[in-house]
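The file upload-v4.pdb comes next; it holds PDB, C-alpha atoms, pLDDT in the B column.
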ATOM      1  CA  MET M   7     -44.855 -17.946 -10.409  1.00 92.00           C
ATOM      2  CA  LEU M   8     -46.157 -18.031 -13.974  1.00 93.00           C
ATOM      3  CA  ILE M   9     -49.588 -16.437 -14.323  1.00 94.00           C
ATOM      4  CA  ASN M  10     -50.946 -19.373 -16.299  1.00 91.00           C
ATOM      5  CA  GLN M  11     -49.925 -21.690 -13.469  1.00 94.00           C
ATOM      6  CA  VAL M  12     -51.963 -19.868 -10.821  1.00 96.00           C
ATOM      7  CA  GLU M  13     -54.562 -22.329  -9.563  1.00 97.00           C
ATOM      8  CA  HIS M  14     -56.101 -20.374  -6.679  1.00 98.00           C
ATOM      9  CA  LEU M  15     -56.847 -16.760  -5.786  1.00 98.00           C
ATOM     10  CA  GLY M  16     -57.264 -15.351  -2.295  1.00 98.00           C
ATOM     11  CA  VAL M  17     -60.276 -13.039  -2.605  1.00 98.00           C
ATOM     12  CA  PHE M  18     -60.391 -10.271  -0.008  1.00 98.00           C
ATOM     13  CA  ASP M  19     -62.704  -7.432   0.963  1.00 97.00           C
ATOM     14  CA  THR M  20     -63.384  -5.239   3.978  1.00 97.00           C
ATOM     15  CA  GLU M  21     -66.288  -3.114   5.110  1.00 97.00           C
ATOM     16  CA  THR M  22     -65.363  -0.265   7.411  1.00 98.00           C
ATOM     17  CA  THR M  23     -66.463   2.693   9.503  1.00 98.00           C
ATOM     18  CA  GLY M  24     -65.638   5.109   6.682  1.00 96.00           C
ATOM     19  CA  VAL M  25     -63.276   5.868   3.809  1.00 94.00           C
ATOM     20  CA  ASP M  26     -60.379   7.478   5.694  1.00 96.00           C
ATOM     21  CA  VAL M  27     -57.662   4.799   5.692  1.00 96.00           C
ATOM     22  CA  GLU M  28     -55.672   6.632   8.364  1.00 96.00           C
ATOM     23  CA  ASN M  29     -58.447   6.841  10.948  1.00 96.00           C
ATOM     24  CA  ASP M  30     -61.332   4.527  10.060  1.00 97.00           C
ATOM     25  CA  ARG M  31     -61.562   0.909  11.173  1.00 98.00           C
ATOM     26  CA  ILE M  32     -62.479  -2.491   9.777  1.00 98.00           C
ATOM     27  CA  VAL M  33     -65.933  -3.758  10.734  1.00 98.00           C
ATOM     28  CA  THR M  34     -66.244  -6.884   8.577  1.00 98.00           C
ATOM     29  CA  ALA M  35     -63.778  -8.781   6.420  1.00 98.00           C
ATOM     30  CA  TYR M  36     -63.879 -11.808   4.170  1.00 98.00           C
ATOM     31  CA  ILE M  37     -61.109 -13.962   2.724  1.00 98.00           C
ATOM     32  CA  GLY M  38     -61.929 -16.816   0.400  1.00 98.00           C
ATOM     33  CA  ILE M  39     -59.747 -19.193  -1.585  1.00 98.00           C
ATOM     34  CA  MET M  40     -61.180 -19.583  -5.084  1.00 98.00           C
ATOM     35  CA  ASP M  41     -60.141 -22.058  -7.786  1.00 97.00           C
ATOM     36  CA  ARG M  42     -60.177 -21.433 -11.539  1.00 95.00           C
ATOM     37  CA  ALA M  43     -63.706 -22.765 -11.819  1.00 95.00           C
ATOM     38  CA  GLY M  44     -64.843 -20.001  -9.484  1.00 95.00           C
ATOM     39  CA  THR M  45     -65.500 -22.446  -6.665  1.00 96.00           C
ATOM     40  CA  LEU M  46     -64.681 -21.423  -3.105  1.00 96.00           C
ATOM     41  CA  VAL M  47     -62.604 -24.103  -1.452  1.00 97.00           C
ATOM     42  CA  GLU M  48     -62.126 -22.228   1.850  1.00 97.00           C
ATOM     43  CA  LYS M  49     -63.558 -19.110   3.428  1.00 97.00           C
ATOM     44  CA  PHE M  50     -62.911 -16.997   6.514  1.00 98.00           C
ATOM     45  CA  GLU M  51     -65.121 -14.213   7.861  1.00 98.00           C
ATOM     46  CA  TRP M  52     -64.796 -11.633  10.610  1.00 98.00           C
ATOM     47  CA  LEU M  53     -67.272  -9.358  12.352  1.00 98.00           C
ATOM     48  CA  ILE M  54     -65.289  -6.908  14.448  1.00 98.00           C
ATOM     49  CA  ASP M  55     -66.110  -4.446  17.193  1.00 98.00           C
ATOM     50  CA  PRO M  56     -63.936  -1.602  15.870  1.00 98.00           C
ATOM     51  CA  GLY M  57     -63.745   0.160  19.214  1.00 96.00           C
ATOM     52  CA  ILE M  58     -65.264   3.353  17.819  1.00 97.00           C
ATOM     53  CA  PRO M  59     -68.831   4.242  16.853  1.00 97.00           C
ATOM     54  CA  ILE M  60     -69.926   3.135  13.392  1.00 98.00           C
ATOM     55  CA  PRO M  61     -71.484   6.145  11.655  1.00 96.00           C
ATOM     56  CA  ASP M  62     -75.070   5.732  10.524  1.00 96.00           C
ATOM     57  CA  GLY M  63     -74.014   6.317   6.927  1.00 95.00           C
ATOM     58  CA  ALA M  64     -71.531   3.459   7.008  1.00 96.00           C
ATOM     59  CA  ALA M  65     -74.001   1.174   8.780  1.00 95.00           C
ATOM     60  CA  ALA M  66     -76.558   1.922   6.077  1.00 95.00           C
ATOM     61  CA  VAL M  67     -74.087   0.694   3.452  1.00 93.00           C
ATOM     62  CA  HIS M  68     -72.889  -2.564   5.027  1.00 95.00           C
ATOM     63  CA  GLY M  69     -75.643  -3.249   7.540  1.00 93.00           C
ATOM     64  CA  VAL M  70     -73.568  -3.386  10.740  1.00 96.00           C
ATOM     65  CA  SER M  71     -74.484  -0.926  13.481  1.00 97.00           C
ATOM     66  CA  THR M  72     -72.398  -0.023  16.495  1.00 98.00           C
ATOM     67  CA  GLU M  73     -74.758  -2.060  18.654  1.00 98.00           C
ATOM     68  CA  LYS M  74     -74.470  -5.166  16.481  1.00 97.00           C
ATOM     69  CA  ALA M  75     -70.672  -4.910  16.328  1.00 98.00           C
ATOM     70  CA  GLN M  76     -70.441  -4.545  20.097  1.00 97.00           C
ATOM     71  CA  ALA M  77     -72.839  -7.424  20.727  1.00 97.00           C
ATOM     72  CA  ASP M  78     -71.560  -9.936  18.167  1.00 97.00           C
ATOM     73  CA  GLY M  79     -68.132  -8.769  16.999  1.00 98.00           C
ATOM     74  CA  VAL M  80     -64.730  -9.926  18.178  1.00 98.00           C
ATOM     75  CA  PRO M  81     -62.328  -7.379  19.704  1.00 98.00           C
ATOM     76  CA  ALA M  82     -60.447  -5.379  17.082  1.00 98.00           C
ATOM     77  CA  LEU M  83     -57.071  -6.835  18.064  1.00 98.00           C
ATOM     78  CA  ASP M  84     -58.338 -10.386  17.579  1.00 98.00           C
ATOM     79  CA  GLY M  85     -60.021  -9.604  14.293  1.00 98.00           C
ATOM     80  CA  VAL M  86     -57.123  -7.714  12.762  1.00 98.00           C
ATOM     81  CA  THR M  87     -54.696 -10.397  13.916  1.00 98.00           C
ATOM     82  CA  GLY M  88     -56.823 -13.035  12.214  1.00 98.00           C
ATOM     83  CA  ILE M  89     -57.063 -11.085   8.956  1.00 98.00           C
ATOM     84  CA  VAL M  90     -53.337 -10.357   8.712  1.00 98.00           C
ATOM     85  CA  THR M  91     -52.428 -13.919   9.714  1.00 98.00           C
ATOM     86  CA  LYS M  92     -54.652 -15.408   7.024  1.00 98.00           C
ATOM     87  CA  LEU M  93     -53.359 -13.010   4.353  1.00 98.00           C
ATOM     88  CA  ARG M  94     -49.807 -13.915   5.337  1.00 98.00           C
ATOM     89  CA  GLU M  95     -50.634 -17.602   4.980  1.00 98.00           C
ATOM     90  CA  LEU M  96     -51.853 -16.954   1.432  1.00 98.00           C
ATOM     91  CA  VAL M  97     -48.609 -15.195   0.594  1.00 97.00           C
ATOM     92  CA  GLU M  98     -46.546 -18.026   2.042  1.00 97.00           C
ATOM     93  CA  LYS M  99     -48.483 -20.499  -0.132  1.00 97.00           C
ATOM     94  CA  GLY M 100     -47.862 -18.410  -3.242  1.00 96.00           C
ATOM     95  CA  ILE M 101     -51.545 -17.493  -3.622  1.00 98.00           C
ATOM     96  CA  PRO M 102     -52.092 -13.975  -4.975  1.00 98.00           C
ATOM     97  CA  ILE M 103     -54.563 -11.708  -3.179  1.00 98.00           C
ATOM     98  CA  VAL M 104     -57.474 -10.258  -5.157  1.00 98.00           C
ATOM     99  CA  ALA M 105     -59.213  -7.074  -4.050  1.00 98.00           C
ATOM    100  CA  PHE M 106     -61.268  -4.674  -6.157  1.00 98.00           C
ATOM    101  CA  ASN M 107     -59.838  -1.190  -5.710  1.00 97.00           C
ATOM    102  CA  GLY M 108     -57.436  -3.037  -3.459  1.00 98.00           C
ATOM    103  CA  ARG M 109     -55.424   0.052  -2.554  1.00 97.00           C
ATOM    104  CA  TYR M 110     -58.142   0.842  -0.029  1.00 97.00           C
ATOM    105  CA  ASP M 111     -58.464  -2.611   1.533  1.00 98.00           C
ATOM    106  CA  MET M 112     -54.727  -3.237   1.720  1.00 98.00           C
ATOM    107  CA  THR M 113     -53.984   0.229   3.110  1.00 98.00           C
ATOM    108  CA  ILE M 114     -56.629   0.179   5.829  1.00 98.00           C
ATOM    109  CA  THR M 115     -55.486  -3.333   6.778  1.00 98.00           C
ATOM    110  CA  ASP M 116     -51.912  -2.045   6.955  1.00 98.00           C
ATOM    111  CA  ARG M 117     -52.959   0.813   9.247  1.00 98.00           C
ATOM    112  CA  GLU M 118     -55.051  -1.462  11.450  1.00 98.00           C
ATOM    113  CA  ALA M 119     -52.095  -3.820  11.827  1.00 98.00           C
ATOM    114  CA  ARG M 120     -49.793  -0.979  12.839  1.00 97.00           C
ATOM    115  CA  ARG M 121     -52.413   0.411  15.222  1.00 97.00           C
ATOM    116  CA  HIS M 122     -52.526  -2.907  17.079  1.00 97.00           C
ATOM    117  CA  GLY M 123     -48.784  -3.620  17.042  1.00 97.00           C
ATOM    118  CA  ILE M 124     -49.029  -6.359  14.389  1.00 97.00           C
ATOM    119  CA  ASP M 125     -46.344  -6.681  11.732  1.00 97.00           C
ATOM    120  CA  PRO M 126     -48.030  -5.414   8.547  1.00 96.00           C
ATOM    121  CA  LEU M 127     -48.013  -7.343   5.320  1.00 96.00           C
ATOM    122  CA  LEU M 128     -45.249  -5.766   3.231  1.00 92.00           C
ATOM    123  CA  HIS M 129     -44.537  -8.163   0.385  1.00 94.00           C
ATOM    124  CA  PHE M 130     -47.393  -9.761  -1.557  1.00 97.00           C
ATOM    125  CA  HIS M 131     -48.879 -10.120  -5.021  1.00 97.00           C
ATOM    126  CA  LEU M 132     -52.119  -8.188  -5.460  1.00 98.00           C
ATOM    127  CA  ILE M 133     -54.467  -8.575  -8.403  1.00 98.00           C
ATOM    128  CA  ASP M 134     -56.799  -5.583  -8.636  1.00 98.00           C
ATOM    129  CA  PRO M 135     -59.594  -5.961 -11.225  1.00 97.00           C
ATOM    130  CA  PHE M 136     -60.342  -2.235 -10.904  1.00 98.00           C
ATOM    131  CA  VAL M 137     -56.860  -1.303 -12.140  1.00 97.00           C
ATOM    132  CA  ILE M 138     -56.648  -4.069 -14.731  1.00 97.00           C
ATOM    133  CA  ASP M 139     -60.089  -3.358 -16.216  1.00 97.00           C
ATOM    134  CA  LYS M 140     -59.287   0.355 -16.621  1.00 96.00           C
ATOM    135  CA  GLN M 141     -56.009  -0.527 -18.321  1.00 95.00           C
ATOM    136  CA  GLN M 142     -57.592  -3.057 -20.639  1.00 93.00           C
ATOM    137  CA  ASP M 143     -60.630  -0.966 -21.591  1.00 94.00           C
ATOM    138  CA  PRO M 144     -59.747   2.658 -20.770  1.00 94.00           C
ATOM    139  CA  TYR M 145     -62.352   4.387 -22.937  1.00 93.00           C
ATOM    140  CA  ARG M 146     -65.424   2.413 -21.910  1.00 94.00           C
ATOM    141  CA  LYS M 147     -68.139   4.805 -20.800  1.00 94.00           C
ATOM    142  CA  GLY M 148     -69.986   4.473 -17.535  1.00 94.00           C
ATOM    143  CA  LYS M 149     -69.153   3.920 -13.907  1.00 95.00           C
ATOM    144  CA  ARG M 150     -66.386   1.592 -12.737  1.00 95.00           C
ATOM    145  CA  LYS M 151     -67.849   0.401  -9.451  1.00 96.00           C
ATOM    146  CA  LEU M 152     -67.686  -3.327  -8.822  1.00 96.00           C
ATOM    147  CA  VAL M 153     -71.348  -3.798  -9.703  1.00 96.00           C
ATOM    148  CA  ASN M 154     -70.759  -2.095 -13.072  1.00 97.00           C
ATOM    149  CA  VAL M 155     -67.552  -3.950 -13.888  1.00 96.00           C
ATOM    150  CA  ALA M 156     -69.137  -7.248 -12.886  1.00 96.00           C
ATOM    151  CA  GLU M 157     -72.089  -6.583 -15.197  1.00 96.00           C
ATOM    152  CA  HIS M 158     -69.722  -5.779 -18.064  1.00 96.00           C
ATOM    153  CA  TYR M 159     -68.135  -9.220 -17.699  1.00 94.00           C
ATOM    154  CA  GLY M 160     -71.473 -11.009 -17.488  1.00 95.00           C
ATOM    155  CA  TYR M 161     -72.032 -11.232 -13.729  1.00 95.00           C
ATOM    156  CA  VAL M 162     -74.773  -9.922 -11.452  1.00 95.00           C
ATOM    157  CA  LEU M 163     -73.541  -8.676  -8.080  1.00 94.00           C
ATOM    158  CA  GLU M 164     -76.104  -9.308  -5.380  1.00 91.00           C
ATOM    159  CA  ASN M 165     -75.716  -8.058  -1.796  1.00 86.00           C
ATOM    160  CA  ALA M 166     -73.200  -5.414  -2.847  1.00 87.00           C
ATOM    161  CA  HIS M 167     -71.190  -3.848  -0.019  1.00 88.00           C
ATOM    162  CA  THR M 168     -71.118  -7.012   2.003  1.00 90.00           C
ATOM    163  CA  ALA M 169     -67.551  -8.226   2.299  1.00 89.00           C
ATOM    164  CA  ASP M 170     -68.257 -11.782   1.156  1.00 93.00           C
ATOM    165  CA  ALA M 171     -70.261 -10.844  -1.955  1.00 94.00           C
ATOM    166  CA  ASP M 172     -67.773  -8.182  -3.036  1.00 95.00           C
ATOM    167  CA  ALA M 173     -64.738 -10.405  -2.495  1.00 96.00           C
ATOM    168  CA  ILE M 174     -66.233 -13.337  -4.408  1.00 96.00           C
ATOM    169  CA  MET M 175     -67.277 -11.138  -7.322  1.00 97.00           C
ATOM    170  CA  ALA M 176     -63.811  -9.559  -7.472  1.00 97.00           C
ATOM    171  CA  GLY M 177     -62.355 -13.040  -7.758  1.00 97.00           C
ATOM    172  CA  LEU M 178     -64.690 -14.055 -10.570  1.00 97.00           C
ATOM    173  CA  VAL M 179     -63.844 -10.898 -12.510  1.00 97.00           C
ATOM    174  CA  ALA M 180     -60.122 -11.407 -11.822  1.00 97.00           C
ATOM    175  CA  TRP M 181     -60.199 -14.858 -13.419  1.00 96.00           C
ATOM    176  CA  LYS M 182     -61.813 -13.274 -16.486  1.00 94.00           C
ATOM    177  CA  LEU M 183     -59.074 -10.670 -16.730  1.00 95.00           C
ATOM    178  CA  ILE M 184     -55.679 -11.920 -15.683  1.00 93.00           C
ATOM    179  CA  ASP M 185     -54.781 -14.364 -18.440  1.00 90.00           C
ATOM    180  CA  ASP M 186     -56.097 -12.131 -21.214  1.00 90.00           C
ATOM    181  CA  THR M 187     -54.499  -8.986 -19.807  1.00 89.00           C
ATOM    182  CA  ALA M 188     -51.180 -10.716 -19.218  1.00 88.00           C
ATOM    183  CA  THR M 189     -51.160 -11.963 -22.818  1.00 89.00           C
ATOM    184  CA  ARG M 190     -51.974  -8.531 -24.209  1.00 91.00           C
ATOM    185  CA  ALA M 191     -49.277  -6.864 -22.111  1.00 92.00           C
ATOM    186  CA  GLY M 192     -46.662  -9.544 -22.699  1.00 94.00           C
ATOM    187  CA  LEU M 193     -46.535 -10.490 -19.015  1.00 95.00           C
ATOM    188  CA  THR M 194     -45.787 -14.015 -17.858  1.00 95.00           C
ATOM    189  CA  THR M 195     -45.220 -13.905 -14.086  1.00 96.00           C
ATOM    190  CA  LEU M 196     -47.053 -12.593 -11.034  1.00 96.00           C
ATOM    191  CA  ASP M 197     -44.073 -10.344 -10.300  1.00 97.00           C
ATOM    192  CA  GLN M 198     -44.462  -8.744 -13.717  1.00 97.00           C
ATOM    193  CA  LEU M 199     -48.227  -8.356 -13.347  1.00 97.00           C
ATOM    194  CA  HIS M 200     -47.848  -6.780  -9.920  1.00 97.00           C
ATOM    195  CA  ALA M 201     -45.213  -4.326 -11.152  1.00 97.00           C
ATOM    196  CA  ALA M 202     -47.345  -3.475 -14.180  1.00 97.00           C
ATOM    197  CA  GLN M 203     -50.312  -2.632 -11.955  1.00 97.00           C
ATOM    198  CA  ILE M 204     -48.143  -0.253  -9.925  1.00 98.00           C
ATOM    199  CA  ALA M 205     -47.373   1.640 -13.133  1.00 98.00           C
ATOM    200  CA  TRP M 206     -50.939   1.418 -14.464  1.00 98.00           C
ATOM    201  CA  ALA M 207     -52.452   2.695 -11.197  1.00 98.00           C
ATOM    202  CA  ARG M 208     -50.097   5.683 -11.215  1.00 98.00           C
ATOM    203  CA  GLU M 209     -50.842   6.460 -14.865  1.00 98.00           C
ATOM    204  CA  GLN M 210     -54.586   6.182 -14.295  1.00 97.00           C
ATOM    205  CA  ALA M 211     -54.488   8.468 -11.261  1.00 97.00           C
ATOM    206  CA  THR M 212     -52.305  10.996 -13.040  1.00 97.00           C
ATOM    207  CA  GLY M 213     -54.618  10.987 -16.047  1.00 96.00           C
ATOM    208  CA  LEU M 214     -57.725  11.535 -13.913  1.00 95.00           C
ATOM    209  CA  GLU M 215     -56.014  14.324 -12.002  1.00 96.00           C
ATOM    210  CA  SER M 216     -55.029  16.014 -15.275  1.00 96.00           C
ATOM    211  CA  TYR M 217     -58.605  15.720 -16.525  1.00 95.00           C
ATOM    212  CA  PHE M 218     -59.924  17.463 -13.417  1.00 96.00           C
ATOM    213  CA  ARG M 219     -57.397  20.250 -13.969  1.00 95.00           C
ATOM    214  CA  ARG M 220     -58.525  20.685 -17.585  1.00 96.00           C
ATOM    215  CA  VAL M 221     -62.233  20.907 -16.767  1.00 96.00           C
ATOM    216  CA  GLY M 222     -61.677  23.041 -13.668  1.00 96.00           C
ATOM    217  CA  LYS M 223     -63.135  20.551 -11.194  1.00 96.00           C
ATOM    218  CA  LEU M 224     -62.107  21.394  -7.610  1.00 96.00           C
ATOM    219  CA  ASN M 225     -62.690  20.198  -4.078  1.00 95.00           C
ATOM    220  CA  ASP M 226     -65.547  21.789  -2.165  1.00 94.00           C
ATOM    221  CA  ASP M 227     -63.055  24.135  -0.499  1.00 95.00           C
ATOM    222  CA  GLY M 228     -61.747  25.325  -3.861  1.00 95.00           C
ATOM    223  CA  THR M 229     -58.449  23.438  -3.776  1.00 96.00           C
ATOM    224  CA  PRO M 230     -57.245  21.225  -6.660  1.00 95.00           C
ATOM    225  CA  ILE M 231     -58.285  17.579  -6.505  1.00 96.00           C
ATOM    226  CA  VAL M 232     -55.349  15.241  -5.858  1.00 95.00           C
ATOM    227  CA  ILE M 233     -55.752  11.571  -6.785  1.00 95.00           C
ATOM    228  CA  GLU M 234     -53.799   8.976  -4.795  1.00 95.00           C
ATOM    229  CA  LYS M 235     -51.127   7.412  -6.983  1.00 97.00           C
ATOM    230  CA  GLU M 236     -49.458   4.823  -4.736  1.00 97.00           C
ATOM    231  CA  TRP M 237     -50.534   1.209  -5.105  1.00 98.00           C
ATOM    232  CA  PRO M 238     -51.091  -1.331  -3.565  1.00 98.00           C
ATOM    233  CA  VAL M 239     -50.492   0.356  -0.206  1.00 97.00           C
ATOM    234  CA  VAL M 240     -50.433   4.091   0.382  1.00 96.00           C
ATOM    235  CA  PHE M 241     -47.194   5.016   2.122  1.00 91.00           C
ATOM    236  CA  VAL M 242     -47.441   5.759   5.818  1.00 88.00           C
ATOM    237  CA  PRO M 243     -47.344   9.559   6.107  1.00 77.00           C
ATOM    238  CA  ASP M 244     -43.800  10.700   6.872  1.00 66.00           C
ATOM    239  CA  GLU M 245     -42.692   7.078   7.189  1.00 60.00           C
ATOM    240  CA  VAL M 246     -41.754   5.550   3.869  1.00 47.00           C
ATOM    241  CA  ALA M 247     -40.153   2.237   4.750  1.00 46.00           C
ATOM    242  CA  VAL M 248     -37.053   1.190   2.824  1.00 42.00           C
ATOM    243  CA  ASP M 249     -35.671  -2.318   2.459  1.00 45.00           C
ATOM    244  CA  ASP M 250     -32.240  -2.736   0.843  1.00 42.00           C
ATOM    245  CA  GLY M 251     -32.698   0.536  -0.975  1.00 37.00           C
ATOM    246  CA  GLU M 252     -36.169  -0.331  -2.316  1.00 38.00           C
ATOM    247  CA  LEU M 253     -39.572   0.818  -1.176  1.00 38.00           C
ATOM    248  CA  MET M 254     -41.212  -1.940   0.826  1.00 40.00           C
ATOM    249  CA  PHE M 255     -44.739  -1.331  -0.464  1.00 38.00           C
ATOM    250  CA  VAL M 256     -44.011  -2.809  -3.891  1.00 35.00           C
TER     251      VAL M 256
END

As structure tokens, please, write out the structure in this file.
Amino acid sequence: MLINQVEHLGVFDTETTGVDVENDRIVTAYIGIMDRAGTLVEKFEWLIDPGIPIPDGAAAVHGVSTEKAQADGVPALDGVTGIVTKLRELVEKGIPIVAFNGRYDMTITDREARRHGIDPLLHFHLIDPFVIDKQQDPYRKGKRKLVNVAEHYGYVLENAHTADADAIMAGLVAWKLIDDTATRAGLTTLDQLHAAQIAWAREQATGLESYFRRVGKLNDDGTPIVIEKEWPVVFVPDEVAVDDGELMFV
């Protein structure tokens, strides 16, 4: 599909029990379908009982305690099935998915699907304002959290770290970026934009890793910092899927 013919975006965000995509779980998720005017034409929300305790630190960020998830949330299997099913419907309709720092959301969703015996989403177009903004304006000083990027493009993010607010803001920023970025980079199709982001994400991670090496920044245990380079889904450890000779997470 041509980028300038995209009429809707599927905005997506998760809030979770932690930041470890291999072991943490989804607690809340939001998917909205947004038109070019920034209007939501459909929305879908999940509150999930993840089946494990929600650490106090995570609950302080997104506001969902273990007790609330157990009392009001749907079972994890039902919630994850609903999320993956809705994302798959977007893909089948040709609607690209938008997620800010989407490597995290897409990877934890992939792992949750596998954990529950659900076919993971392997082929999709992702638009990641985090990656695109860094490519378009690499030397801008300051933080690159969603609240900061939103402010740079003229938006105020309220209720940060709730899945609905973060997803909607990512969509608004994405509309600001995609046409301009595609024009600058000489891209015309979603396939080209997706492939470009794979390369940009790797370059950005490699550059940050090199910077840490130069300034001598290390992990707390004294080991070198390694920045994840795969995008939009981190490969399953020791299980890189191959389809007709090509990696399936592209």

Given the point (-72.3, -2.2, 14.6) in the coordinates of this file, which residues lie within 9 Å, counting only C-alpha atoms, and how would they look as a CSV table (one decimal) with C-alpha atoms, in the coordinates of the input?
chain,number,residue,atom,x,y,z
M,33,VAL,CA,-65.9,-3.8,10.7
M,54,ILE,CA,-65.3,-6.9,14.4
M,55,ASP,CA,-66.1,-4.4,17.2
M,56,PRO,CA,-63.9,-1.6,15.9
M,59,PRO,CA,-68.8,4.2,16.9
M,60,ILE,CA,-69.9,3.1,13.4
M,61,PRO,CA,-71.5,6.1,11.7
M,65,ALA,CA,-74.0,1.2,8.8
M,69,GLY,CA,-75.6,-3.2,7.5
M,70,VAL,CA,-73.6,-3.4,10.7
M,71,SER,CA,-74.5,-0.9,13.5
M,72,THR,CA,-72.4,0.0,16.5
M,73,GLU,CA,-74.8,-2.1,18.7
M,74,LYS,CA,-74.5,-5.2,16.5
M,75,ALA,CA,-70.7,-4.9,16.3
M,76,GLN,CA,-70.4,-4.5,20.1
M,77,ALA,CA,-72.8,-7.4,20.7
M,78,ASP,CA,-71.6,-9.9,18.2
M,79,GLY,CA,-68.1,-8.8,17.0

Spatial neighbours of Leu127 in chain M, max dist 8 Å, all atoms listed in the file, sep filter under 2 positions, as JSON, numbers by chain
{"M": [90, 93, 94, 116, 125, 129, 130]}

Check the smallest atom-to-atom distance from each of M:Ala66, M:Asp227, M:Ala211, M:Asp111 to Ala169 in chain M using only C-alpha atoms, then report the winner.
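Comparing M:Ala66, M:Asp227, M:Ala211, M:Asp111 against Ala169 in chain M, the winner is M:Asp111.
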
Å distance separating CA of Tyr217 in chain M from CA of Thr113 in chain M, one decimal place
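It comes out at 25.4 Å.
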
Give the answer as one residue: which of M:Val12, M:Ile124, M:Leu178, M:Val86 has the shortest atom-to-atom distance to Ala105 in chain M, using only C-alpha atoms?
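Selected residue with least distance to Ala105 in chain M: M:Leu178.
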
When the PyMOL selection byres ((chain M and resi 154-158) around 12) is applied to the structure above, which residues does it catch, written out as a compact mmCIF listing (two decimals) with C-alpha atoms, keeping the file's coordinate frame?
# COMPACT_ATOMS: atom_id res chain seq x y z
CA PHE M 106 -61.27 -4.67 -6.16
CA ASN M 107 -59.84 -1.19 -5.71
CA PRO M 135 -59.59 -5.96 -11.22
CA PHE M 136 -60.34 -2.24 -10.90
CA VAL M 137 -56.86 -1.30 -12.14
CA ILE M 138 -56.65 -4.07 -14.73
CA ASP M 139 -60.09 -3.36 -16.22
CA LYS M 140 -59.29 0.36 -16.62
CA ASP M 143 -60.63 -0.97 -21.59
CA ARG M 146 -65.42 2.41 -21.91
CA LYS M 147 -68.14 4.80 -20.80
CA GLY M 148 -69.99 4.47 -17.54
CA LYS M 149 -69.15 3.92 -13.91
CA ARG M 150 -66.39 1.59 -12.74
CA LYS M 151 -67.85 0.40 -9.45
CA LEU M 152 -67.69 -3.33 -8.82
CA VAL M 153 -71.35 -3.80 -9.70
CA TYR M 159 -68.14 -9.22 -17.70
CA GLY M 160 -71.47 -11.01 -17.49
CA TYR M 161 -72.03 -11.23 -13.73
CA VAL M 162 -74.77 -9.92 -11.45
CA LEU M 163 -73.54 -8.68 -8.08
CA GLU M 164 -76.10 -9.31 -5.38
CA ALA M 166 -73.20 -5.41 -2.85
CA ALA M 171 -70.26 -10.84 -1.96
CA ASP M 172 -67.77 -8.18 -3.04
CA ALA M 173 -64.74 -10.40 -2.50
CA ILE M 174 -66.23 -13.34 -4.41
CA MET M 175 -67.28 -11.14 -7.32
CA ALA M 176 -63.81 -9.56 -7.47
CA GLY M 177 -62.36 -13.04 -7.76
CA LEU M 178 -64.69 -14.06 -10.57
CA VAL M 179 -63.84 -10.90 -12.51
CA ALA M 180 -60.12 -11.41 -11.82
CA TRP M 181 -60.20 -14.86 -13.42
CA LYS M 182 -61.81 -13.27 -16.49
CA LEU M 183 -59.07 -10.67 -16.73

Quick check, in Å to one decimal: how far apart do CA of Ala205 in chain M and CA of Val242 in chain M lie?
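CA of Ala205 in chain M sits 19.4 Å away from CA of Val242 in chain M.
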
From the options M:Lys99, M:Arg31, M:Lys223, M:His122, which residue's atoms come nearest to Gly16 in chain M, counting all atoms listed in the file?
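Using all atoms listed in the file, Gly16 in chain M sits closest to M:Lys99.
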
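Of the listed residues M:Asp186, M:Glu13, M:Glu215, M:Glu118, the one whose atoms come nearest to Gly44 in chain M is M:Glu13, with distances taken using only C-alpha atoms.
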
Once the PyMOL selection byres ((chain M and resi 199) around 10) is applied to the coordinates I shared, what remains selected? I want it as a ChimeraX atom specification.
/M:8-9,131-133,138,184,187-188,191-198,200-204

So the first atom is CA of Ala35 in chain M and the second is CA of Val67 in chain M; what is the distance between them in Å, to one decimal place?
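Between CA of Ala35 in chain M and CA of Val67 in chain M the gap is 14.3 Å.
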
Suppose a student applies the PyMOL selection byres ((chain M and resi 46) around 10) to this structure; what residues should they get, written as a CSV table (one decimal) with C-alpha atoms, keeping the file's coordinate frame?
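Contents of result.csv, as written:
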chain,number,residue,atom,x,y,z
M,14,HIS,CA,-56.1,-20.4,-6.7
M,15,LEU,CA,-56.8,-16.8,-5.8
M,16,GLY,CA,-57.3,-15.4,-2.3
M,17,VAL,CA,-60.3,-13.0,-2.6
M,38,GLY,CA,-61.9,-16.8,0.4
M,39,ILE,CA,-59.7,-19.2,-1.6
M,40,MET,CA,-61.2,-19.6,-5.1
M,41,ASP,CA,-60.1,-22.1,-7.8
M,42,ARG,CA,-60.2,-21.4,-11.5
M,43,ALA,CA,-63.7,-22.8,-11.8
M,44,GLY,CA,-64.8,-20.0,-9.5
M,45,THR,CA,-65.5,-22.4,-6.7
M,47,VAL,CA,-62.6,-24.1,-1.5
M,48,GLU,CA,-62.1,-22.2,1.8
M,49,LYS,CA,-63.6,-19.1,3.4
M,174,ILE,CA,-66.2,-13.3,-4.4
M,177,GLY,CA,-62.4,-13.0,-7.8
